[in-house]
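upload_33.txt, holding compact mmCIF, C-alpha atoms:
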# COMPACT_ATOMS: atom_id res chain seq x y z
CA MET T 1155 -17.63 23.48 -24.05
CA THR T 1156 -18.69 23.45 -27.64
CA PHE T 1157 -19.87 20.98 -30.10
CA VAL T 1158 -22.95 19.09 -30.82
CA HIS T 1159 -23.54 17.60 -34.15
CA LEU T 1160 -26.48 15.68 -35.20
CA HIS T 1161 -28.53 14.43 -38.06
CA THR T 1162 -31.73 12.45 -38.03
CA LYS T 1163 -31.45 10.61 -34.72
CA SER T 1164 -27.73 11.17 -34.68
CA TRP T 1165 -25.31 12.51 -32.10
CA TYR T 1166 -24.19 15.27 -29.81
CA SER T 1167 -21.17 16.12 -27.78
CA PHE T 1168 -20.84 17.93 -24.52
CA ARG T 1169 -17.98 19.35 -22.53
CA ARG T 1170 -17.42 20.16 -18.91
CA GLY T 1171 -20.72 21.22 -17.41
CA GLY T 1172 -23.50 20.88 -14.88
CA SER T 1173 -25.12 17.55 -15.85
CA SER T 1174 -24.00 13.95 -15.39
CA PRO T 1175 -23.32 11.62 -18.35
CA ASP T 1176 -26.50 9.70 -17.48
CA ALA T 1177 -28.62 12.87 -17.64
CA LEU T 1178 -27.10 13.96 -20.95
CA VAL T 1179 -27.45 10.51 -22.49
CA GLN T 1180 -31.08 10.33 -21.34
CA GLN T 1181 -31.80 13.72 -22.90
CA ALA T 1182 -30.15 12.61 -26.16
CA LEU T 1183 -32.37 9.52 -26.13
CA GLU T 1184 -35.47 11.66 -25.62
CA ASN T 1185 -34.32 13.80 -28.57
CA GLY T 1186 -34.42 10.69 -30.75
CA GLN T 1187 -30.65 10.43 -31.26
CA THR T 1188 -28.85 7.17 -31.89
CA ALA T 1189 -25.34 8.47 -31.11
CA ILE T 1190 -23.66 10.94 -28.76
CA ALA T 1191 -20.15 12.38 -28.52
CA LEU T 1192 -17.99 13.56 -25.63
CA THR T 1193 -15.40 16.32 -26.12
CA ASP T 1194 -14.10 17.47 -22.73
CA TYR T 1195 -11.67 20.36 -22.51
CA MET T 1196 -8.05 19.10 -22.63
CA SER T 1197 -9.07 15.79 -21.07
CA THR T 1198 -10.47 12.35 -21.82
CA ALA T 1199 -10.96 11.47 -18.15
CA GLY T 1200 -14.72 11.12 -18.49
CA VAL T 1201 -14.83 8.66 -21.38
CA ILE T 1202 -15.43 5.47 -19.38
CA PRO T 1203 -18.56 6.61 -17.46
CA PHE T 1204 -19.68 8.28 -20.68
CA GLN T 1205 -19.37 5.09 -22.74
CA VAL T 1206 -21.00 3.06 -19.96
CA ALA T 1207 -23.97 5.46 -19.90
CA ALA T 1208 -24.26 5.52 -23.70
CA ARG T 1209 -24.03 1.73 -24.05
CA ALA T 1210 -26.70 1.24 -21.36
CA LYS T 1211 -29.11 3.28 -23.50
CA GLY T 1212 -28.06 1.71 -26.80
CA LEU T 1213 -26.41 4.88 -28.15
CA HIS T 1214 -23.28 4.90 -30.29
CA SER T 1215 -20.55 6.89 -28.49
CA VAL T 1216 -18.05 9.15 -30.25
CA ILE T 1217 -14.94 10.06 -28.27
CA GLY T 1218 -12.91 13.25 -28.60
CA ALA T 1219 -11.61 16.34 -26.83
CA GLU T 1220 -11.32 20.08 -27.14
CA VAL T 1221 -7.57 20.62 -27.41
CA VAL T 1222 -5.53 23.80 -27.35
CA VAL T 1223 -3.19 24.11 -30.33
CA ASP T 1224 -1.09 27.24 -30.82
CA GLY T 1225 -3.09 28.83 -28.02
CA TYR T 1226 -6.55 28.23 -29.53
CA SER T 1227 -9.13 25.45 -29.32
CA LEU T 1228 -9.72 22.76 -31.92
CA VAL T 1229 -12.16 19.90 -31.47
CA MET T 1230 -10.74 16.46 -32.24
CA LEU T 1231 -12.74 13.26 -32.68
CA ALA T 1232 -11.13 9.84 -32.66
CA ALA T 1233 -11.91 7.65 -35.65
CA SER T 1234 -10.42 4.61 -33.90
CA ASN T 1235 -8.64 3.48 -30.74
CA ALA T 1236 -5.44 4.62 -32.44
CA GLY T 1237 -7.00 8.06 -32.86
CA PHE T 1238 -7.93 8.06 -29.19
CA ARG T 1239 -4.27 7.43 -28.32
CA GLN T 1240 -3.24 10.25 -30.66
CA ILE T 1241 -5.62 12.69 -28.95
CA ASN T 1242 -4.26 11.73 -25.53
CA GLN T 1243 -0.70 12.25 -26.74
CA ILE T 1244 -1.64 15.67 -28.09
CA ILE T 1245 -3.30 16.59 -24.77
CA SER T 1246 -0.25 15.42 -22.81
CA LYS T 1247 2.08 17.52 -24.95
CA GLY T 1248 -0.33 20.45 -24.79
CA LEU T 1249 -0.29 20.40 -21.00
CA GLU T 1250 3.44 20.85 -20.95
CA GLU T 1251 4.75 24.31 -20.19
CA THR T 1252 5.47 25.13 -23.82
CA GLY T 1253 2.12 23.89 -25.16
CA ILE T 1254 1.78 22.24 -28.57
CA SER T 1255 1.96 23.67 -32.07
CA LEU T 1256 0.02 22.76 -35.19
CA GLU T 1257 3.20 21.40 -36.71
CA GLU T 1258 3.63 19.00 -33.79
CA VAL T 1259 0.01 17.89 -34.04
CA SER T 1260 0.44 17.14 -37.74
CA GLN T 1261 3.03 14.49 -36.91
CA ASP T 1262 0.53 12.15 -35.24
CA SER T 1263 -3.14 12.83 -35.99
CA SER T 1264 -3.90 10.51 -38.90
CA ASP T 1265 -6.92 8.86 -37.19
CA VAL T 1266 -8.55 12.08 -35.98
CA PHE T 1267 -11.34 14.29 -37.36
CA VAL T 1268 -10.89 18.00 -36.58
CA LEU T 1269 -13.39 20.82 -36.15
CA THR T 1270 -12.28 24.45 -36.21
CA GLY T 1271 -13.69 25.21 -32.75
CA GLY T 1272 -16.38 27.51 -31.44
CA ARG T 1273 -16.01 30.80 -29.60
CA SER T 1274 -12.63 29.79 -28.19
CA GLY T 1275 -11.29 28.93 -31.64
CA LEU T 1276 -9.01 31.18 -33.68
CA LEU T 1277 -11.38 31.07 -36.66
CA TRP T 1278 -14.23 32.56 -34.61
CA GLU T 1279 -11.92 35.28 -33.24
CA LEU T 1280 -10.64 36.27 -36.68
CA LEU T 1281 -14.12 36.51 -38.20
CA ALA T 1282 -15.49 38.39 -35.19
CA SER T 1283 -12.59 40.87 -35.57
CA GLY T 1284 -13.41 41.50 -39.23
CA LYS T 1285 -10.41 39.63 -40.63
CA PRO T 1286 -11.89 37.28 -43.27
CA HIS T 1287 -8.61 37.03 -45.23
CA SER T 1288 -6.69 35.89 -42.13
CA ALA T 1289 -9.51 33.47 -41.33
CA LEU T 1290 -9.25 31.97 -44.82
CA GLU T 1291 -5.49 31.59 -44.48
CA TRP T 1292 -5.95 29.81 -41.13
CA VAL T 1293 -8.45 27.37 -42.65
CA LYS T 1294 -6.07 26.70 -45.55
CA ARG T 1295 -3.29 26.01 -43.07
CA LEU T 1296 -5.50 23.58 -41.16
CA TYR T 1297 -6.59 21.89 -44.38
CA GLY T 1298 -2.95 21.44 -45.33
CA VAL T 1299 -2.52 19.39 -42.16
CA PHE T 1300 -5.82 17.52 -41.85
CA GLY T 1301 -7.20 17.50 -45.40
CA LYS T 1302 -10.73 16.16 -45.73
CA ARG T 1303 -10.75 15.31 -42.03
CA LEU T 1304 -11.22 19.03 -41.32
CA PHE T 1305 -14.70 20.54 -40.82
CA ILE T 1306 -15.70 24.14 -40.15
CA GLU T 1307 -17.72 24.27 -36.95
CA VAL T 1308 -20.94 26.31 -37.18
CA SER T 1309 -22.78 27.10 -33.96
CA SER T 1310 -25.18 29.56 -32.38
CA HIS T 1311 -26.22 30.08 -28.78
CA LEU T 1312 -28.60 32.86 -29.68
CA CYS T 1313 -26.15 35.44 -28.33
CA GLU T 1314 -25.74 38.86 -29.88
CA GLY T 1315 -23.94 38.52 -33.20
CA ASP T 1316 -24.35 34.74 -33.48
CA ALA T 1317 -26.62 34.89 -36.55
CA ARG T 1318 -24.06 37.08 -38.32
CA MET T 1319 -21.27 34.70 -37.34
CA VAL T 1320 -23.17 31.71 -38.77
CA SER T 1321 -23.42 33.52 -42.09
CA ARG T 1322 -19.69 34.34 -42.07
CA LEU T 1323 -18.71 30.77 -41.22
CA LEU T 1324 -20.84 29.32 -44.00
CA SER T 1325 -19.49 31.84 -46.50
CA LEU T 1326 -15.93 30.97 -45.49
CA ALA T 1327 -16.64 27.24 -45.79
CA LYS T 1328 -17.89 27.79 -49.35
CA THR T 1329 -14.87 29.91 -50.30
CA ALA T 1330 -12.37 27.48 -48.76
CA ARG T 1331 -14.25 24.45 -50.12
CA VAL T 1332 -14.23 22.84 -46.69
CA HIS T 1333 -17.32 21.04 -45.38
CA ALA T 1334 -19.18 22.65 -42.49
CA VAL T 1335 -20.88 20.86 -39.63
CA VAL T 1336 -23.44 22.21 -37.15
CA SER T 1337 -22.53 22.21 -33.50
CA ASN T 1338 -24.04 23.26 -30.21
CA ASP T 1339 -22.16 24.20 -27.05
CA VAL T 1340 -23.61 21.63 -24.67
CA ALA T 1341 -22.83 22.05 -20.98
CA TYR T 1342 -25.97 20.57 -19.41
CA ALA T 1343 -28.99 18.48 -20.32
CA VAL T 1344 -31.87 20.96 -19.93
CA PRO T 1345 -32.10 24.79 -19.60
CA GLU T 1346 -32.85 24.56 -15.88
CA ASP T 1347 -29.37 23.11 -15.27
CA ALA T 1348 -27.76 26.43 -16.25
CA VAL T 1349 -28.20 27.54 -12.64
CA ARG T 1350 -26.12 24.58 -11.46
CA LEU T 1351 -23.35 25.35 -13.97
CA ASP T 1352 -23.31 28.97 -12.82
CA ALA T 1353 -23.03 27.89 -9.19
CA LEU T 1354 -20.14 25.56 -10.03
CA THR T 1355 -18.38 28.37 -11.90
CA LEU T 1356 -18.81 30.76 -9.00
CA SER T 1357 -17.46 28.17 -6.59
CA ARG T 1358 -14.47 27.27 -8.80
CA HIS T 1359 -13.39 30.89 -9.13
CA ARG T 1360 -14.46 31.94 -5.62
CA LEU T 1361 -16.78 34.62 -6.96
CA GLN T 1362 -19.83 36.37 -5.54
CA VAL T 1363 -23.17 36.13 -7.33
CA GLN T 1364 -22.89 39.75 -8.48
CA ASP T 1365 -19.40 39.26 -9.97
CA ASP T 1366 -18.91 39.12 -13.73
CA HIS T 1367 -16.73 36.43 -15.31
CA THR T 1368 -16.23 35.21 -18.88
CA GLU T 1369 -16.91 31.58 -17.89
CA ARG T 1370 -20.32 32.32 -16.35
CA PRO T 1371 -23.27 31.35 -18.60
CA SER T 1372 -24.51 34.36 -20.59
CA ASN T 1373 -27.87 32.68 -21.17
CA ARG T 1374 -29.48 29.23 -20.84
CA GLU T 1375 -28.83 27.99 -24.38
CA ALA T 1376 -26.00 25.50 -23.71
CA TRP T 1377 -28.41 22.59 -23.37
CA LEU T 1378 -28.90 19.44 -25.42
CA LYS T 1379 -31.27 20.65 -28.15
CA SER T 1380 -33.19 18.52 -30.62
CA GLN T 1381 -32.30 18.45 -34.30
CA SER T 1382 -35.47 20.27 -35.28
CA LEU T 1383 -34.65 23.13 -32.93
CA LEU T 1384 -31.06 23.36 -34.18
CA GLU T 1385 -32.31 23.34 -37.77
CA THR T 1386 -34.52 26.32 -36.92
CA ILE T 1387 -31.62 28.17 -35.26
CA VAL T 1388 -29.03 27.54 -37.98
CA GLY T 1389 -31.44 27.53 -40.89
CA ILE T 1390 -29.65 24.97 -43.11
CA PRO T 1391 -30.86 21.41 -42.42
CA SER T 1392 -28.59 19.93 -45.12
CA LEU T 1393 -25.51 20.62 -42.96
CA PHE T 1394 -26.55 17.88 -40.57
CA THR T 1395 -25.65 15.18 -43.11
CA ASN T 1396 -21.97 15.79 -42.36
CA THR T 1397 -22.60 14.75 -38.78
CA VAL T 1398 -23.68 11.31 -39.90
CA ALA T 1399 -20.65 11.02 -42.19
CA ILE T 1400 -18.31 11.67 -39.25
CA THR T 1401 -20.25 9.45 -36.88
CA ASN T 1402 -20.12 6.50 -39.25
CA GLU T 1403 -16.31 6.76 -39.33
CA CYS T 1404 -15.78 6.98 -35.55
CA HIS T 1405 -15.46 3.66 -33.71
CA VAL T 1406 -13.71 3.74 -30.34
CA ASP T 1407 -14.50 1.06 -27.78
CA LEU T 1408 -12.80 1.30 -24.41
CA LEU T 1409 -15.08 -1.13 -22.59
CA PRO T 1410 -13.94 -4.76 -22.74
CA GLU T 1411 -16.47 -7.55 -22.36
CA ARG T 1412 -14.88 -8.40 -19.04
CA VAL T 1413 -12.40 -6.73 -16.69
CA LEU T 1414 -8.82 -7.59 -17.59
CA ILE T 1415 -6.51 -7.40 -14.57
CA PRO T 1416 -2.84 -6.62 -15.37
CA ARG T 1417 -0.44 -9.51 -14.77
CA ALA T 1418 1.83 -9.43 -11.71
CA ARG T 1419 5.52 -10.29 -11.96
CA LEU T 1420 5.56 -13.65 -10.19
CA PRO T 1421 8.60 -15.80 -9.41
CA GLN T 1422 8.70 -19.13 -11.21
CA ASP T 1423 6.87 -22.14 -9.74
CA THR T 1424 4.48 -20.12 -7.58
CA THR T 1425 0.96 -18.70 -7.71
CA ALA T 1426 -0.42 -15.25 -7.01
CA GLU T 1427 -2.10 -16.58 -3.85
CA LEU T 1428 1.13 -18.07 -2.47
CA GLU T 1429 3.17 -14.98 -3.36
CA LEU T 1430 0.63 -12.68 -1.70
CA GLU T 1431 0.54 -14.85 1.44
CA GLY T 1432 4.34 -14.91 1.67
CA LEU T 1433 4.60 -11.12 1.37
CA ALA T 1434 1.81 -10.61 3.88
CA ARG T 1435 3.37 -12.99 6.46
CA ALA T 1436 6.73 -11.24 6.10
CA GLY T 1437 4.99 -7.92 6.59
CA ILE T 1438 3.20 -9.11 9.72
CA LYS T 1439 6.52 -10.12 11.28
CA ARG T 1440 8.01 -6.79 10.31
CA ARG T 1441 5.18 -4.54 11.46
CA TYR T 1442 3.77 -6.27 14.58
CA PRO T 1443 5.48 -7.00 17.90
CA LEU T 1444 5.64 -10.66 18.92
CA GLU T 1445 2.75 -10.48 21.38
CA GLN T 1446 0.35 -9.17 18.67
CA ARG T 1447 1.31 -11.46 15.80
CA LYS T 1448 -1.01 -14.38 16.59
CA ALA T 1449 -4.11 -12.18 16.38
CA ALA T 1450 -2.75 -10.38 13.31
CA LEU T 1451 -2.00 -13.65 11.49
CA LYS T 1452 -5.52 -14.93 12.25
CA LEU T 1453 -7.12 -11.84 10.73
CA MET T 1454 -4.69 -11.95 7.80
CA SER T 1455 -5.62 -15.60 7.06
CA HIS T 1456 -9.31 -14.69 6.97
CA GLU T 1457 -8.70 -11.79 4.58
CA LEU T 1458 -6.53 -13.95 2.31
CA GLU T 1459 -9.34 -16.52 2.10
CA VAL T 1460 -11.74 -13.81 0.94
CA ILE T 1461 -9.22 -12.44 -1.56
CA GLU T 1462 -8.62 -15.93 -2.99
CA GLU T 1463 -12.34 -16.62 -3.18
CA LEU T 1464 -12.86 -13.43 -5.18
CA GLY T 1465 -9.88 -14.15 -7.43
CA LEU T 1466 -8.17 -10.87 -6.54
CA ALA T 1467 -4.75 -12.05 -5.33
CA GLU T 1468 -2.99 -10.95 -8.51
CA TYR T 1469 -4.77 -7.60 -8.38
CA PHE T 1470 -3.36 -7.00 -4.86
CA LEU T 1471 0.12 -7.87 -6.14
CA VAL T 1472 -0.16 -5.48 -9.09
CA VAL T 1473 -1.25 -2.63 -6.81
CA HIS T 1474 1.66 -3.51 -4.51
CA GLU T 1475 4.11 -3.24 -7.42
CA VAL T 1476 2.69 0.13 -8.47
CA ILE T 1477 2.84 1.59 -4.95
CA GLN T 1478 6.36 0.35 -4.31
CA ALA T 1479 7.53 1.83 -7.61
CA ALA T 1480 5.84 5.14 -6.74
CA LYS T 1481 7.53 5.22 -3.35
CA ALA T 1482 10.89 4.51 -4.95
CA MET T 1483 10.35 7.61 -7.10
CA LYS T 1484 9.16 9.59 -4.05
CA ILE T 1485 5.63 9.90 -5.42
CA ARG T 1486 2.99 10.15 -2.71
CA THR T 1487 0.28 7.48 -2.65
CA ALA T 1488 -3.05 7.06 -0.87
CA GLY T 1489 -5.39 4.09 -0.66
CA ARG T 1490 -9.09 4.12 -1.44
CA GLY T 1491 -11.85 1.55 -1.13
CA SER T 1492 -12.80 -1.08 1.41
CA ALA T 1493 -9.50 -2.97 1.08
CA ALA T 1494 -7.33 0.08 1.79
CA SER T 1495 -7.58 -0.42 5.55
CA SER T 1496 -7.20 -4.20 5.50
CA ILE T 1497 -4.43 -5.92 7.44
CA VAL T 1498 -3.10 -7.48 4.22
CA VAL T 1499 -2.61 -4.05 2.66
CA TYR T 1500 -1.03 -2.80 5.90
CA ALA T 1501 1.33 -5.79 6.01
CA LEU T 1502 2.37 -5.17 2.41
CA GLY T 1503 3.26 -1.60 3.31
CA ASN T 1504 0.71 -0.15 0.89
CA SER T 1505 -1.53 1.66 3.36
CA PRO T 1506 -1.08 5.32 4.34
CA CYS T 1507 -0.76 4.27 8.01
Taking this structure as input, can you express it in the form of structure tokens?
Amino acid sequence: MTFVHLHTKSWYSFRRGGSSPDALVQQALENGQTAIALTDYMSTAGVIPFQVAARAKGLHSVIGAEVVVDGYSLVMLAASNAGFRQINQIISKGLEETGISLEEVSQDSSDVFVLTGGRSGLLWELLASGKPHSALEWVKRLYGVFGKRLFIEVSSHLCEGDARMVSRLLSLAKTARVHAVVSNDVAYAVPEDAVRLDALTLSRHRLQVQDDHTERPSNREAWLKSQSLLETIVGIPSLFTNTVAITNECHVDLLPERVLIPRARLPQDTTAELELEGLARAGIKRRYPLEQRKAALKLMSHELEVIEELGLAEYFLVVHEVIQAAKAMKIRTAGRGSAASSIVVYALGNSPC
């Protein structure tokens, strides 16, 4: 988890950690921010609850991810919905056995801003190893791919050597003539939540409290800090203006004004309600012995009335199509929710029973 950029009442990002989106958004609001960004590690699975939480508080949401390219982390931020699709495609390719190279990323990342990454980035590793020339060559290579959409990520968690690293990053940014942007590795809303993150890490790796592990928090500094505090830590307030420049260019909206249900493939001259009833009746005859059908049909009729009243007949048909296609490809399925155990779902053959 890395990355938090802000300016006057601007934005932050957080990665996998010990606080909910609501808690992080609330903390950002209390910090006086007007925007907040999410950059999960190799995933965009949390963007919907994140955008819901941000919209509820009136904050502008920036969407991105920490992606692994050539074995090292880069932070990517979507400038548009097209950029969001590009990030997902990069993640999908990166999760393949062979991973993804910078050359492959360059083929489809035109709507993405890129940060060089924090401690898990190659730039940090090269500078920490005393290889400034190699670090400069890496930045030049990245700039050749992303151009002015590239920013050098500057962060400090008040760990040993962080102040020295900030100085090296800023010096490199000046030499390479690439803009720098301040970040903070946000994993939880407030310092007290570090204990929860540590407990989750211990549980995930099946460790004892006394065991050492690189993913365990080294201190309690991965919390959502205010701009004034970050300015004190980094020491260069002018860097925060680049955060606003990026924020103003990032507009991804994944929340429609109303829920749009996918369309079912219906035969001509019929409705979703009639199609669903026909499939359910056929299923009742197939799955119930003759002496039980009358009671089953009565319950089915009641459920169909409720489904029609709620306008969900087409939704049931779409789910039916998905499950049948999965079964044809021998992909296991499992139902969830109150409707999963209904007689209509059972009759359609969609339940796990």
Selected residue, from T:Cys1404, T:Leu1361, T:Ile1254, T:Ala1282, that lies nearest to Leu1228 (chain T) when counting only C-alpha atoms
T:Ile1254
Selection: 8 Å around region 1199-1210 of chain T, all atoms listed in the file, excl. self and same-chain fewer than 5 positions, as number ranges by chain:
T: 1175-1176, 1179, 1190, 1192, 1194, 1215, 1217, 1408-1409
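You will find CA of Glu1445 (chain T) at 19.8 Å from CA of Ser1496 (chain T).
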With only C-alpha atoms as the basis for distance, which of T:Ile1477, T:Val1363, T:Ala1434, T:Ile1485 is at the shortest distance from Leu1502 (chain T)?
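Once distances to Leu1502 (chain T) are computed over only C-alpha atoms, the minimum belongs to T:Ala1434.
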Given the choices T:Leu1471, T:Met1483, T:Ile1461, T:Met1230, which gets closest to Arg1419 (chain T) if the distance is worked out from all atoms listed in the file?
T:Leu1471
Long-range neighbours of Leu1433 (chain T) as an MDAnalysis selection string, 12 Å cut-off, all atoms listed in the file, 6 positions minimum in chain:
chainID T and resid 1420 1426:1427 1439:1440 1454 1458 1467 1470:1471 1474:1475 1498:1504
Quote the spacing between CA of Leu1281 (chain T) and CA of Phe1300 (chain T) in Å to one decimal place.
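Separating CA of Leu1281 (chain T) from CA of Phe1300 (chain T) is a distance of 21.0 Å.
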Using Å and a single decimal, report how far CA of Gly1218 (chain T) sits from CA of Gln1240 (chain T).
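A separation of 10.3 Å between them.
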Contact residues around Val1216 (chain T) with all atoms listed in the file at 9 Å, ignoring same-chain residues under 6 positions, as a list of chain:residue names
T:Trp1165, T:Tyr1166, T:Ser1167, T:Ala1189, T:Ile1190, T:Ala1191, T:Leu1192, T:Thr1193, T:Gln1205, T:Leu1231, T:Ala1232, T:Ala1233, T:Thr1401, T:Cys1404, T:His1405, T:Val1406
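Using all atoms listed in the file, the smallest distance between any of T:Thr1386, T:Ser1310, T:Thr1355, T:Ser1255 and Pro1371 (chain T) comes from T:Thr1355.
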